[in-house]
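Undergrad: Sending over query-v3.cif (mmCIF, N, CA and C atoms).
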data_coords
#
loop_
_atom_site.label_atom_id
_atom_site.label_comp_id
_atom_site.auth_asym_id
_atom_site.auth_seq_id
_atom_site.Cartn_x
_atom_site.Cartn_y
_atom_site.Cartn_z
N MET A 225 -31.70 -44.72 10.20
CA MET A 225 -31.86 -44.08 8.92
C MET A 225 -32.86 -44.89 8.12
N SER A 226 -33.81 -44.23 7.51
CA SER A 226 -34.83 -44.91 6.73
C SER A 226 -34.24 -45.46 5.44
N TRP A 227 -34.94 -46.40 4.81
CA TRP A 227 -34.45 -46.99 3.56
C TRP A 227 -34.35 -45.93 2.48
N PHE A 228 -35.30 -44.99 2.45
CA PHE A 228 -35.27 -43.95 1.43
C PHE A 228 -34.08 -43.03 1.65
N ALA A 229 -33.82 -42.69 2.90
CA ALA A 229 -32.68 -41.81 3.21
C ALA A 229 -31.37 -42.48 2.83
N ARG A 230 -31.28 -43.81 3.01
CA ARG A 230 -30.07 -44.53 2.61
C ARG A 230 -29.88 -44.47 1.10
N ILE A 231 -30.97 -44.54 0.35
CA ILE A 231 -30.88 -44.48 -1.11
C ILE A 231 -30.36 -43.12 -1.55
N ILE A 232 -30.95 -42.05 -1.01
CA ILE A 232 -30.55 -40.71 -1.48
C ILE A 232 -29.20 -40.28 -0.92
N SER A 233 -28.79 -40.85 0.21
CA SER A 233 -27.50 -40.46 0.78
C SER A 233 -26.38 -41.39 0.37
N GLY A 234 -26.74 -42.58 -0.16
CA GLY A 234 -25.73 -43.53 -0.56
C GLY A 234 -25.15 -44.32 0.60
N LYS A 235 -25.74 -44.24 1.78
CA LYS A 235 -25.25 -44.98 2.95
C LYS A 235 -25.98 -46.30 3.06
N SER A 236 -25.27 -47.30 3.51
CA SER A 236 -25.90 -48.60 3.72
C SER A 236 -26.11 -48.81 5.20
N ALA A 237 -26.84 -49.85 5.55
CA ALA A 237 -27.08 -50.16 6.96
C ALA A 237 -25.76 -50.47 7.65
N ALA A 238 -24.80 -51.02 6.92
CA ALA A 238 -23.50 -51.35 7.50
C ALA A 238 -22.74 -50.09 7.91
N ASP A 239 -23.00 -48.98 7.23
CA ASP A 239 -22.34 -47.72 7.59
C ASP A 239 -22.78 -47.25 8.96
N GLY A 240 -23.96 -47.68 9.37
CA GLY A 240 -24.48 -47.30 10.67
C GLY A 240 -25.03 -45.89 10.70
N GLY A 241 -24.64 -45.05 9.77
CA GLY A 241 -25.10 -43.67 9.78
C GLY A 241 -24.50 -42.93 10.96
N GLN A 242 -24.29 -41.67 10.83
CA GLN A 242 -23.76 -40.88 11.92
C GLN A 242 -24.92 -40.25 12.67
N GLN A 243 -24.82 -40.18 13.98
CA GLN A 243 -25.89 -39.66 14.83
C GLN A 243 -26.31 -38.26 14.41
N ASN A 244 -25.35 -37.40 14.09
CA ASN A 244 -25.67 -36.02 13.75
C ASN A 244 -25.36 -35.69 12.30
N ALA A 245 -25.39 -36.71 11.44
CA ALA A 245 -25.11 -36.48 10.02
C ALA A 245 -26.15 -35.53 9.46
N SER A 246 -25.73 -34.74 8.50
CA SER A 246 -26.69 -33.80 7.91
C SER A 246 -26.78 -34.02 6.41
N VAL A 247 -27.85 -33.54 5.84
CA VAL A 247 -28.07 -33.60 4.41
C VAL A 247 -27.39 -32.36 3.83
N PRO A 248 -26.30 -32.52 3.08
CA PRO A 248 -25.61 -31.35 2.54
C PRO A 248 -26.52 -30.56 1.60
N GLY A 249 -26.47 -29.26 1.72
CA GLY A 249 -27.26 -28.40 0.84
C GLY A 249 -28.69 -28.19 1.28
N ALA A 250 -29.04 -28.64 2.49
CA ALA A 250 -30.41 -28.46 2.98
C ALA A 250 -30.38 -27.97 4.42
N ARG A 251 -31.17 -26.95 4.69
CA ARG A 251 -31.32 -26.41 6.05
C ARG A 251 -32.79 -26.16 6.30
N LEU A 252 -33.15 -26.09 7.56
CA LEU A 252 -34.54 -25.89 7.94
C LEU A 252 -34.61 -24.84 9.03
N LEU A 253 -35.52 -23.89 8.89
CA LEU A 253 -35.74 -22.87 9.92
C LEU A 253 -37.09 -23.14 10.58
N ILE A 254 -37.06 -23.35 11.90
CA ILE A 254 -38.28 -23.52 12.69
C ILE A 254 -38.20 -22.52 13.83
N ASP A 255 -39.18 -21.66 13.96
CA ASP A 255 -39.19 -20.65 15.03
C ASP A 255 -37.89 -19.87 15.11
N ARG A 256 -37.42 -19.40 13.95
CA ARG A 256 -36.19 -18.60 13.84
C ARG A 256 -34.92 -19.35 14.24
N GLN A 257 -34.99 -20.64 14.43
CA GLN A 257 -33.84 -21.46 14.77
C GLN A 257 -33.48 -22.30 13.54
N GLU A 258 -32.21 -22.28 13.16
CA GLU A 258 -31.77 -23.03 11.98
C GLU A 258 -31.26 -24.41 12.39
N TYR A 259 -31.67 -25.43 11.64
CA TYR A 259 -31.27 -26.80 11.89
C TYR A 259 -30.76 -27.43 10.61
N GLY A 260 -29.77 -28.31 10.74
CA GLY A 260 -29.38 -29.16 9.63
C GLY A 260 -30.33 -30.35 9.64
N LEU A 261 -30.52 -30.96 8.50
CA LEU A 261 -31.41 -32.11 8.41
C LEU A 261 -30.60 -33.39 8.48
N ALA A 262 -31.00 -34.29 9.37
CA ALA A 262 -30.35 -35.60 9.45
C ALA A 262 -30.84 -36.49 8.32
N GLU A 263 -32.10 -36.34 7.92
CA GLU A 263 -32.69 -37.09 6.82
C GLU A 263 -33.68 -36.19 6.10
N LEU A 264 -33.79 -36.40 4.80
CA LEU A 264 -34.76 -35.66 4.01
C LEU A 264 -35.32 -36.61 2.96
N GLY A 265 -36.61 -36.81 3.00
CA GLY A 265 -37.27 -37.68 2.04
C GLY A 265 -38.30 -36.92 1.23
N VAL A 266 -39.07 -37.65 0.46
CA VAL A 266 -40.07 -37.04 -0.40
C VAL A 266 -41.17 -36.38 0.43
N ARG A 267 -41.59 -37.00 1.50
CA ARG A 267 -42.68 -36.46 2.31
C ARG A 267 -42.34 -36.30 3.80
N THR A 268 -41.14 -36.69 4.21
CA THR A 268 -40.76 -36.59 5.62
C THR A 268 -39.36 -36.03 5.77
N PHE A 269 -39.05 -35.59 6.97
CA PHE A 269 -37.70 -35.16 7.30
C PHE A 269 -37.42 -35.42 8.77
N ARG A 270 -36.13 -35.44 9.10
CA ARG A 270 -35.71 -35.64 10.49
C ARG A 270 -34.67 -34.58 10.84
N VAL A 271 -34.85 -33.98 12.01
CA VAL A 271 -33.90 -33.02 12.56
C VAL A 271 -33.34 -33.66 13.84
N ARG A 272 -32.01 -33.82 13.86
CA ARG A 272 -31.40 -34.42 15.05
C ARG A 272 -30.05 -33.79 15.25
N PRO A 273 -29.78 -33.20 16.37
CA PRO A 273 -30.65 -33.04 17.54
C PRO A 273 -31.63 -31.88 17.35
N TYR A 274 -32.75 -31.96 18.03
CA TYR A 274 -33.76 -30.91 17.99
C TYR A 274 -33.96 -30.39 19.40
N GLU A 275 -33.90 -29.07 19.56
CA GLU A 275 -34.01 -28.46 20.88
C GLU A 275 -35.11 -27.42 20.94
N GLY A 276 -36.14 -27.57 20.16
CA GLY A 276 -37.22 -26.59 20.12
C GLY A 276 -38.36 -26.98 21.04
N ALA A 277 -39.49 -26.31 20.85
CA ALA A 277 -40.65 -26.46 21.74
C ALA A 277 -41.82 -27.21 21.12
N LEU A 278 -41.62 -27.86 19.97
CA LEU A 278 -42.72 -28.59 19.35
C LEU A 278 -43.06 -29.85 20.15
N ILE A 279 -44.30 -30.32 19.99
CA ILE A 279 -44.75 -31.54 20.66
C ILE A 279 -45.39 -32.47 19.63
N GLY A 280 -45.61 -33.71 20.00
CA GLY A 280 -46.20 -34.70 19.10
C GLY A 280 -47.53 -34.25 18.51
N ARG A 281 -47.72 -34.53 17.22
CA ARG A 281 -48.93 -34.24 16.45
C ARG A 281 -49.20 -32.75 16.24
N GLN A 282 -48.26 -31.91 16.60
CA GLN A 282 -48.44 -30.47 16.43
C GLN A 282 -48.17 -30.07 14.98
N ASN A 283 -49.02 -29.22 14.44
CA ASN A 283 -48.77 -28.62 13.13
C ASN A 283 -47.85 -27.43 13.34
N PHE A 284 -46.93 -27.21 12.40
CA PHE A 284 -46.00 -26.09 12.53
C PHE A 284 -45.59 -25.61 11.14
N SER A 285 -45.05 -24.40 11.10
CA SER A 285 -44.56 -23.80 9.87
C SER A 285 -43.04 -23.82 9.89
N PHE A 286 -42.44 -23.88 8.73
CA PHE A 286 -40.99 -23.90 8.62
C PHE A 286 -40.58 -23.28 7.29
N THR A 287 -39.31 -22.99 7.17
CA THR A 287 -38.72 -22.58 5.90
C THR A 287 -37.65 -23.60 5.56
N LEU A 288 -37.78 -24.22 4.40
CA LEU A 288 -36.79 -25.17 3.91
C LEU A 288 -35.90 -24.44 2.92
N ILE A 289 -34.59 -24.52 3.13
CA ILE A 289 -33.63 -23.85 2.26
C ILE A 289 -32.78 -24.93 1.60
N LEU A 290 -32.89 -25.01 0.28
CA LEU A 290 -32.14 -25.99 -0.51
C LEU A 290 -31.14 -25.27 -1.38
N THR A 291 -29.95 -25.82 -1.53
CA THR A 291 -28.94 -25.25 -2.40
C THR A 291 -28.70 -26.24 -3.54
N VAL A 292 -29.00 -25.82 -4.76
CA VAL A 292 -28.82 -26.64 -5.95
C VAL A 292 -28.00 -25.83 -6.94
N ASP A 293 -26.89 -26.40 -7.40
CA ASP A 293 -26.00 -25.72 -8.36
C ASP A 293 -25.60 -24.34 -7.84
N ASN A 294 -25.24 -24.27 -6.58
CA ASN A 294 -24.81 -23.02 -5.93
C ASN A 294 -25.88 -21.94 -5.92
N GLU A 295 -27.12 -22.30 -6.16
CA GLU A 295 -28.24 -21.37 -6.10
C GLU A 295 -29.13 -21.78 -4.94
N GLU A 296 -29.43 -20.82 -4.07
CA GLU A 296 -30.25 -21.10 -2.89
C GLU A 296 -31.73 -20.89 -3.19
N PHE A 297 -32.53 -21.85 -2.79
CA PHE A 297 -33.97 -21.79 -2.98
C PHE A 297 -34.62 -22.00 -1.63
N SER A 298 -35.50 -21.08 -1.22
CA SER A 298 -36.19 -21.24 0.06
C SER A 298 -37.69 -21.24 -0.17
N CYS A 299 -38.37 -22.01 0.64
CA CYS A 299 -39.81 -22.13 0.50
C CYS A 299 -40.44 -22.29 1.87
N LEU A 300 -41.54 -21.59 2.06
CA LEU A 300 -42.31 -21.76 3.29
C LEU A 300 -43.11 -23.04 3.17
N GLY A 301 -43.19 -23.77 4.25
CA GLY A 301 -43.95 -25.01 4.25
C GLY A 301 -44.58 -25.23 5.61
N SER A 302 -45.35 -26.29 5.69
CA SER A 302 -45.93 -26.66 6.97
C SER A 302 -45.80 -28.16 7.12
N GLY A 303 -45.79 -28.59 8.37
CA GLY A 303 -45.62 -30.00 8.65
C GLY A 303 -46.36 -30.38 9.92
N VAL A 304 -46.34 -31.66 10.20
CA VAL A 304 -46.92 -32.17 11.44
C VAL A 304 -45.87 -33.08 12.09
N VAL A 305 -45.71 -32.95 13.38
CA VAL A 305 -44.74 -33.75 14.12
C VAL A 305 -45.25 -35.18 14.21
N ARG A 306 -44.45 -36.12 13.72
CA ARG A 306 -44.81 -37.53 13.81
C ARG A 306 -44.21 -38.16 15.05
N GLU A 307 -42.99 -37.77 15.38
CA GLU A 307 -42.32 -38.31 16.56
C GLU A 307 -41.30 -37.28 17.03
N ILE A 308 -41.12 -37.21 18.33
CA ILE A 308 -40.10 -36.32 18.87
C ILE A 308 -39.55 -36.94 20.15
N SER A 309 -38.23 -37.07 20.21
CA SER A 309 -37.58 -37.62 21.40
C SER A 309 -36.12 -37.20 21.38
N ALA A 310 -35.48 -37.32 22.51
CA ALA A 310 -34.07 -36.95 22.60
C ALA A 310 -33.22 -37.86 21.72
N GLN A 311 -33.58 -39.13 21.65
CA GLN A 311 -32.81 -40.10 20.88
C GLN A 311 -33.07 -39.98 19.37
N GLN A 312 -34.33 -39.87 18.96
CA GLN A 312 -34.69 -39.82 17.55
C GLN A 312 -34.66 -38.41 16.96
N GLY A 313 -34.77 -37.40 17.80
CA GLY A 313 -34.87 -36.04 17.31
C GLY A 313 -36.30 -35.76 16.89
N LEU A 314 -36.47 -34.85 15.96
CA LEU A 314 -37.79 -34.48 15.44
C LEU A 314 -38.00 -35.17 14.10
N ILE A 315 -39.06 -35.95 14.00
CA ILE A 315 -39.45 -36.58 12.74
C ILE A 315 -40.79 -35.97 12.37
N ALA A 316 -40.85 -35.39 11.18
CA ALA A 316 -42.07 -34.69 10.77
C ALA A 316 -42.44 -35.05 9.34
N LYS A 317 -43.70 -34.82 9.02
CA LYS A 317 -44.23 -35.08 7.69
C LYS A 317 -44.62 -33.75 7.07
N PHE A 318 -44.25 -33.56 5.80
CA PHE A 318 -44.68 -32.37 5.07
C PHE A 318 -46.19 -32.41 4.90
N LEU A 319 -46.84 -31.25 4.99
CA LEU A 319 -48.26 -31.15 4.70
C LEU A 319 -48.45 -30.47 3.36
N ALA A 320 -49.24 -31.03 2.49
CA ALA A 320 -49.64 -30.50 1.18
C ALA A 320 -48.74 -29.38 0.67
N PRO A 321 -47.58 -29.71 0.12
CA PRO A 321 -46.68 -28.66 -0.36
C PRO A 321 -47.22 -27.97 -1.60
N GLN A 322 -46.75 -26.74 -1.80
CA GLN A 322 -47.09 -26.01 -3.01
C GLN A 322 -46.37 -26.68 -4.17
N PRO A 323 -46.94 -26.65 -5.37
CA PRO A 323 -46.31 -27.33 -6.52
C PRO A 323 -44.87 -26.91 -6.77
N VAL A 324 -44.55 -25.62 -6.63
CA VAL A 324 -43.18 -25.17 -6.88
C VAL A 324 -42.24 -25.77 -5.84
N PHE A 325 -42.67 -25.87 -4.60
CA PHE A 325 -41.88 -26.48 -3.54
C PHE A 325 -41.66 -27.95 -3.86
N ASP A 326 -42.72 -28.64 -4.24
CA ASP A 326 -42.65 -30.06 -4.56
C ASP A 326 -41.66 -30.32 -5.69
N ARG A 327 -41.71 -29.52 -6.75
CA ARG A 327 -40.80 -29.69 -7.88
C ARG A 327 -39.35 -29.47 -7.47
N LYS A 328 -39.10 -28.41 -6.70
CA LYS A 328 -37.73 -28.10 -6.29
C LYS A 328 -37.18 -29.18 -5.35
N LEU A 329 -38.02 -29.70 -4.47
CA LEU A 329 -37.59 -30.78 -3.58
C LEU A 329 -37.24 -32.03 -4.38
N MET A 330 -38.07 -32.38 -5.35
CA MET A 330 -37.80 -33.56 -6.18
C MET A 330 -36.50 -33.38 -6.97
N GLU A 331 -36.27 -32.18 -7.48
CA GLU A 331 -35.04 -31.89 -8.22
C GLU A 331 -33.82 -32.04 -7.30
N PHE A 332 -33.93 -31.50 -6.09
CA PHE A 332 -32.85 -31.58 -5.12
C PHE A 332 -32.52 -33.03 -4.80
N LEU A 333 -33.54 -33.83 -4.49
CA LEU A 333 -33.33 -35.23 -4.13
C LEU A 333 -32.78 -36.04 -5.31
N ALA A 334 -33.27 -35.78 -6.51
CA ALA A 334 -32.79 -36.50 -7.69
C ALA A 334 -31.32 -36.19 -7.96
N ARG A 335 -30.94 -34.95 -7.85
CA ARG A 335 -29.55 -34.58 -8.10
C ARG A 335 -28.63 -35.14 -7.02
N ARG A 336 -29.09 -35.18 -5.79
CA ARG A 336 -28.28 -35.78 -4.72
C ARG A 336 -28.06 -37.25 -4.99
N ARG A 337 -29.12 -37.92 -5.41
CA ARG A 337 -29.05 -39.36 -5.62
C ARG A 337 -28.14 -39.72 -6.80
N THR A 338 -28.28 -39.02 -7.87
CA THR A 338 -27.50 -39.35 -9.06
C THR A 338 -26.10 -38.73 -9.03
N GLY A 339 -25.91 -37.70 -8.24
CA GLY A 339 -24.62 -37.05 -8.16
C GLY A 339 -24.22 -36.35 -9.45
N GLN A 340 -25.21 -36.04 -10.29
CA GLN A 340 -24.92 -35.42 -11.58
C GLN A 340 -24.37 -34.01 -11.42
N ARG A 341 -24.93 -33.28 -10.49
CA ARG A 341 -24.49 -31.89 -10.31
C ARG A 341 -24.18 -31.68 -8.85
N ARG A 342 -23.38 -30.69 -8.60
CA ARG A 342 -22.97 -30.39 -7.24
C ARG A 342 -24.15 -29.83 -6.46
N VAL A 343 -24.42 -30.43 -5.31
CA VAL A 343 -25.47 -29.96 -4.41
C VAL A 343 -24.77 -29.53 -3.14
N GLY A 344 -25.06 -28.31 -2.69
CA GLY A 344 -24.47 -27.87 -1.42
C GLY A 344 -23.51 -26.78 -1.57
#
Output the file's structure in the form of structure tokens.

TA:
Amino acid sequence: MSWFARIISGKSAADGGQQNASVPGARLLIDRQEYGLAELGVRTFRVRPYEGALIGRQNFSFTLILTVDNEEFSCLGSGVVREISAQQGLIAKFLAPQPVFDRKLMEFLARRRTGQRRVG
């Protein structure tokens, strides 16, 4: 688990993180297949386990679905595969998000971190 993911999830290195832990309130659709996110950061995300057909350095499209205050928000996005393996899963970087997507993602991450409002 990355340092940023530990901050937003509240997990420490001692927790070890769960292999298939997911980010509550966030889902990702890639090639009509829905995945839970193991990690979600400002510019990257991890899907574990990943069973799709993407390969390293490939650009791809996805739909990110975030639930904030019981309201679902979905946005089309694109990313590039940074790493993919059976052990690590799919690690990808967001590519130039639209401003509305960027704002909603920041709101989602901030609310998760502070725990001010129910996410998920």

Undergrad: Which residues, written as a PyMOL selection string, have at least one atom at most 10 Å from Ala277 (chain A), with only C-alpha atoms counted and residues fewer than 3 positions away on the same chain left out?

TA: chain A and resi 254-255+274

Undergrad: Just to confirm, what's the straight-line distance from atom N of Ile279 (chain A) to atom C of Glu296 (chain A) in Å (one decimal)?

TA: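 Taking atom N of Ile279 (chain A) and atom C of Glu296 (chain A), their separation equals 28.0 Å.
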
Undergrad: Residues within 7 Å of region 318-327 of chain A, please, as a VMD selection string. Count only C-alpha atoms; anything in the same chain fewer than 5 positions from it doesn't count.

TA: chain A and resid 267 to 268 299 301 to 304

Undergrad: May I have the residues within 8 Å of Glu275 (chain A) as a list in words, using all atoms listed in the file and disregarding those fewer than 4 positions away in the same chain?

TA: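 The residues that qualify are Val271, Gly313 and Leu314 of chain A.
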
Undergrad: Under the rule that all atoms listed in the file are counted, which of A:Arg281, A:Met330, A:Val292, A:Arg270 is the nearest residue to Gln312 (chain A)?

TA: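 Closest candidate: A:Arg270.
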
Undergrad: Taking (-35.3, -25.8, 9.8) in the coordinates of the supplied file, I want to know which residues reach to within 8 Å of it, counting only C-alpha atoms; could you give the answer as a VMD selection string?

TA: chain A and resid 251 to 254 257 to 261 271 286 to 289

Undergrad: Provide the atom N of Gly265 (chain A) to atom N of Thr338 (chain A) distance in Å, to one decimal place.

TA: 13.9 Å

Undergrad: Run DSSP on the backbone and give me the residues of region 247-312 of chain A it puts in strand (DSSP E or B), as a VMD selection string.

TA: chain A and resid 250 to 254 257 to 260 263 to 264 268 to 271 283 to 292 295 to 309

Undergrad: Quick one: distance from atom C of Gly249 (chain A) to CA of Ile315 (chain A) in Å, one decimal?

TA: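 Result for atom C of Gly249 (chain A) versus CA of Ile315 (chain A): 17.8 Å, one decimal.
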
Undergrad: Using all atoms of region 325-336 of chain A listed in the file and a margin of 4 Å per side, can you give the axis-aligned box centre and edge lengths in Å to one decimal, as AutoDock Vina command-line options?

TA:
--center_x -35.4 --center_y -31.6 --center_z -5.9 --size_x 22.7 --size_y 19.4 --size_z 12.7
